[in-house]
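What follows is a single structure, written as structure tokens, with notes after it.
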Amino acid sequence: MKKYTYTEKQDTRSGFGAGLAELGKTNDKVVALCADLTPSLKMADFIEANPDRFFQTGIAEANMMGMAAGLTIGGYIPYTGTFANFATGRVYDQIRQSIAYSGKNVKICASHAGLTLGEDGATHQILEDIGLMKMLPGMTVINPCDYNQTKAATIAIAEHEGPVYLRFGRPKVPIFTPVDQKFEIGKAIMLNEGTDVTIIATGHLVWEAIKAGEALEEKGISAEIINIHTIKPLDEEAIVKSVKKTGCVVSAEEHNFLGGLGESVSRTLSEHYPAPQEFVATKDTFGESGTPDQLMEKYGLNAEAIVAASEKVIKRK
């Protein structure tokens, strides 16, 4: 098992803020909009350096999406910022009609996704956003795993023509990817090669998958671990190649198992190489108030759950 270590933790939303600030210096077509949540989205550095390229829309997310769509007509690359719940569920009609249907070059940047929003509770903990967004034709869906990868993704999507949903989170998580990494949309990253089970993870669950791989190694189980930062377009080639080798797969995500990464993996395998699969995800439920660690444990979104799912799926081969 390849060893991964970290020296610090940082929230992925700060990675977004750092990436946006860098774009402010290097790409004069990038503009930013926010629905009254600039501190939470870490947009201060961009705003300070580029006050004429920032638009505070207030608590009017639907208007923000319409404004962003309009700005693309003038050749600008708008980055919208708000919580994932408000960036998708509240404004789905505007995204579908004004952005996706028209193929507008809007970057929908969504913070505080999943259960790890924590104490704000179920009304704010959106667990269906990946499903909502990946079903929109032409929408690219990205869910990076740590600060460095979120920064890299934020910068990379400016060069991608078309609508993008960029999902990131609130809590501080380990930084374990390279600071100078190249972010390639739609290209999975092999974290560890193995022979007994494939673990495919996204977002905050990637680090948990790494810890699970170490625990499985102590039990004599060789886990192949893949970081899927781009859920759409999905790197189907990498998934099929791995599962052909290991014969089974566990998908891990901070999202409902209906509509998320696991479902995309399942569809891919049903078409190309049917194999046993276990899902580490929330099971058709809303969240509740609690600390991120409490919620991830209660809803089975941690390394222990990935270990258990791996042992179970291996028996199904």
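Following the order of the structure tokens, chains are lettered A, B, ..., residues in each are numbered from 1, and ligands are numbered from 1.
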Would you return as a ChimeraX atom specification the members of stretch 72-144 of chain A that DSSP assigns to strand (DSSP E or B) on this structure's backbone?
/A:77-83,107-111,140-142
Emit the selected residues as a compact mmCIF listing (two decimals), in the first residue's frame, including N, CA, C and O atoms.
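Output (out_38.txt):
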```txt
# COMPACT_ATOMS: atom_id res chain seq x y z
N ILE A 77 -16.31 34.86 -18.17
CA ILE A 77 -16.39 33.52 -17.57
C ILE A 77 -16.85 33.70 -16.13
O ILE A 77 -16.04 33.95 -15.24
N PRO A 78 -18.15 33.61 -15.88
CA PRO A 78 -18.66 33.86 -14.53
C PRO A 78 -18.54 32.63 -13.61
O PRO A 78 -18.86 31.52 -14.01
N TYR A 79 -18.08 32.90 -12.38
CA TYR A 79 -18.04 31.91 -11.31
C TYR A 79 -19.09 32.34 -10.29
O TYR A 79 -18.98 33.41 -9.69
N THR A 80 -20.12 31.53 -10.09
CA THR A 80 -21.14 31.85 -9.09
C THR A 80 -20.81 31.14 -7.79
O THR A 80 -20.38 29.98 -7.79
N GLY A 81 -21.05 31.80 -6.66
CA GLY A 81 -20.71 31.22 -5.38
C GLY A 81 -21.85 31.27 -4.38
O GLY A 81 -22.39 32.34 -4.09
N THR A 82 -22.22 30.10 -3.85
CA THR A 82 -23.16 29.98 -2.75
C THR A 82 -23.09 28.56 -2.21
O THR A 82 -22.30 27.74 -2.68
N PHE A 83 -23.90 28.25 -1.20
CA PHE A 83 -23.93 26.90 -0.66
C PHE A 83 -24.52 25.94 -1.70
O PHE A 83 -25.38 26.33 -2.51
N LYS A 107 -19.62 28.74 -14.47
CA LYS A 107 -19.02 27.83 -13.49
C LYS A 107 -19.80 27.95 -12.18
O LYS A 107 -19.71 28.97 -11.48
N ILE A 108 -20.60 26.95 -11.87
CA ILE A 108 -21.45 26.95 -10.68
C ILE A 108 -20.64 26.35 -9.54
O ILE A 108 -20.39 25.14 -9.50
N CYS A 109 -20.21 27.19 -8.61
CA CYS A 109 -19.28 26.79 -7.55
C CYS A 109 -20.05 26.68 -6.23
O CYS A 109 -20.58 27.67 -5.73
N ALA A 110 -20.07 25.48 -5.69
CA ALA A 110 -20.99 25.15 -4.60
C ALA A 110 -20.24 24.67 -3.37
O ALA A 110 -19.62 23.61 -3.38
N SER A 111 -20.32 25.44 -2.31
CA SER A 111 -19.65 25.10 -1.05
C SER A 111 -20.62 24.44 -0.07
O SER A 111 -21.82 24.37 -0.31
N THR A 140 -20.68 19.48 -16.83
CA THR A 140 -19.54 18.79 -16.24
C THR A 140 -19.66 18.87 -14.73
O THR A 140 -20.00 19.92 -14.18
N VAL A 141 -19.39 17.75 -14.02
CA VAL A 141 -19.57 17.69 -12.57
C VAL A 141 -18.25 17.27 -11.92
O VAL A 141 -17.72 16.18 -12.21
N ILE A 142 -17.72 18.13 -11.04
CA ILE A 142 -16.41 17.92 -10.42
C ILE A 142 -16.53 18.00 -8.91
O ILE A 142 -17.16 18.91 -8.37
```
Can you check which residues of stretch 12-86 of chain A DSSP gives as alpha helix (DSSP H) on the backbone and send them as a PyMOL selection string?
chain A and resi 12-26+38-41+44-49+61-73+84-86
Tell me, as a PyMOL selection string, which residues lie within 10 Å of stretch 6-14 of chain A, counting only C-alpha atoms; anything in the same chain fewer than 2 positions away does not count.
chain A and resi 4+16-20+40-43+109-112+144-151+167-177+203-204
With only C-alpha atoms as the atoms that count, which of A:Gly131, A:Gly213, A:Thr202, A:Cys248 lies nearest to A:Asn227?
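The answer is A:Thr202, which sits nearest to A:Asn227.
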Residues within 9 Å of A:Leu234, please, as a short mmCIF file (atom, residue, chain, number, x, y, z; two decimals) with C-alpha atoms, in the first residue's frame. Count only C-alpha atoms; anything in the same chain fewer than 2 positions from it doesn't count.
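The resulting file, out_26.cif, is reproduced below:
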```cif
data_model
loop_
_atom_site.label_atom_id
_atom_site.label_comp_id
_atom_site.auth_asym_id
_atom_site.auth_seq_id
_atom_site.Cartn_x
_atom_site.Cartn_y
_atom_site.Cartn_z
CA GLY A 186 -12.48 13.51 -16.77
CA LYS A 187 -9.25 11.70 -15.86
CA ALA A 188 -9.26 9.47 -12.78
CA ILE A 228 -12.71 10.12 -9.16
CA THR A 230 -14.76 14.22 -12.18
CA ILE A 231 -18.08 12.44 -11.93
CA LYS A 232 -19.17 13.63 -15.36
CA GLU A 236 -15.08 4.71 -17.63
CA GLU A 237 -11.90 3.23 -19.05
CA ILE A 239 -13.01 1.96 -13.83
CA LEU A 261 -21.02 8.47 -8.20
CA SER A 264 -22.63 6.11 -12.46
CA VAL A 265 -20.10 3.38 -11.69
CA THR A 268 -20.71 1.77 -16.47
#
```
Give me, as JSON lines, each residue of stretch 75-132 of chain A that comes within 10 Å of stretch 293-297 of chain A, together with its shortest interatomic pair and the distance in Å at one decimal, counting only C-alpha atoms, with rows ordered by chain and rising residue number.
```
{"residue": "A:Gly114", "atom": "CA", "partner": "A:Met296", "partner_atom": "CA", "distance": 9.9}
{"residue": "A:Leu115", "atom": "CA", "partner": "A:Leu295", "partner_atom": "CA", "distance": 6.5}
{"residue": "A:Thr116", "atom": "CA", "partner": "A:Leu295", "partner_atom": "CA", "distance": 7.3}
{"residue": "A:Leu117", "atom": "CA", "partner": "A:Leu295", "partner_atom": "CA", "distance": 9.7}
{"residue": "A:Gly118", "atom": "CA", "partner": "A:Leu295", "partner_atom": "CA", "distance": 7.4}
{"residue": "A:Glu119", "atom": "CA", "partner": "A:Leu295", "partner_atom": "CA", "distance": 9.5}
```
Tell me which protein, DNA and RNA residues are within 7 Å of A:Ser310, counting only C-alpha atoms, leaving out same-chain ones fewer than 3 positions away, and put them as a list in words.
Val197, Val250, Ile306, Val307, Val313 and Ile314 of chain A
Proximity to A:Glu217 - best of A:Asp36, A:Glu193, A:Glu184, A:Asp235, only C-alpha atoms
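Using only C-alpha atoms, the shortest distance to A:Glu217 belongs to A:Glu193.
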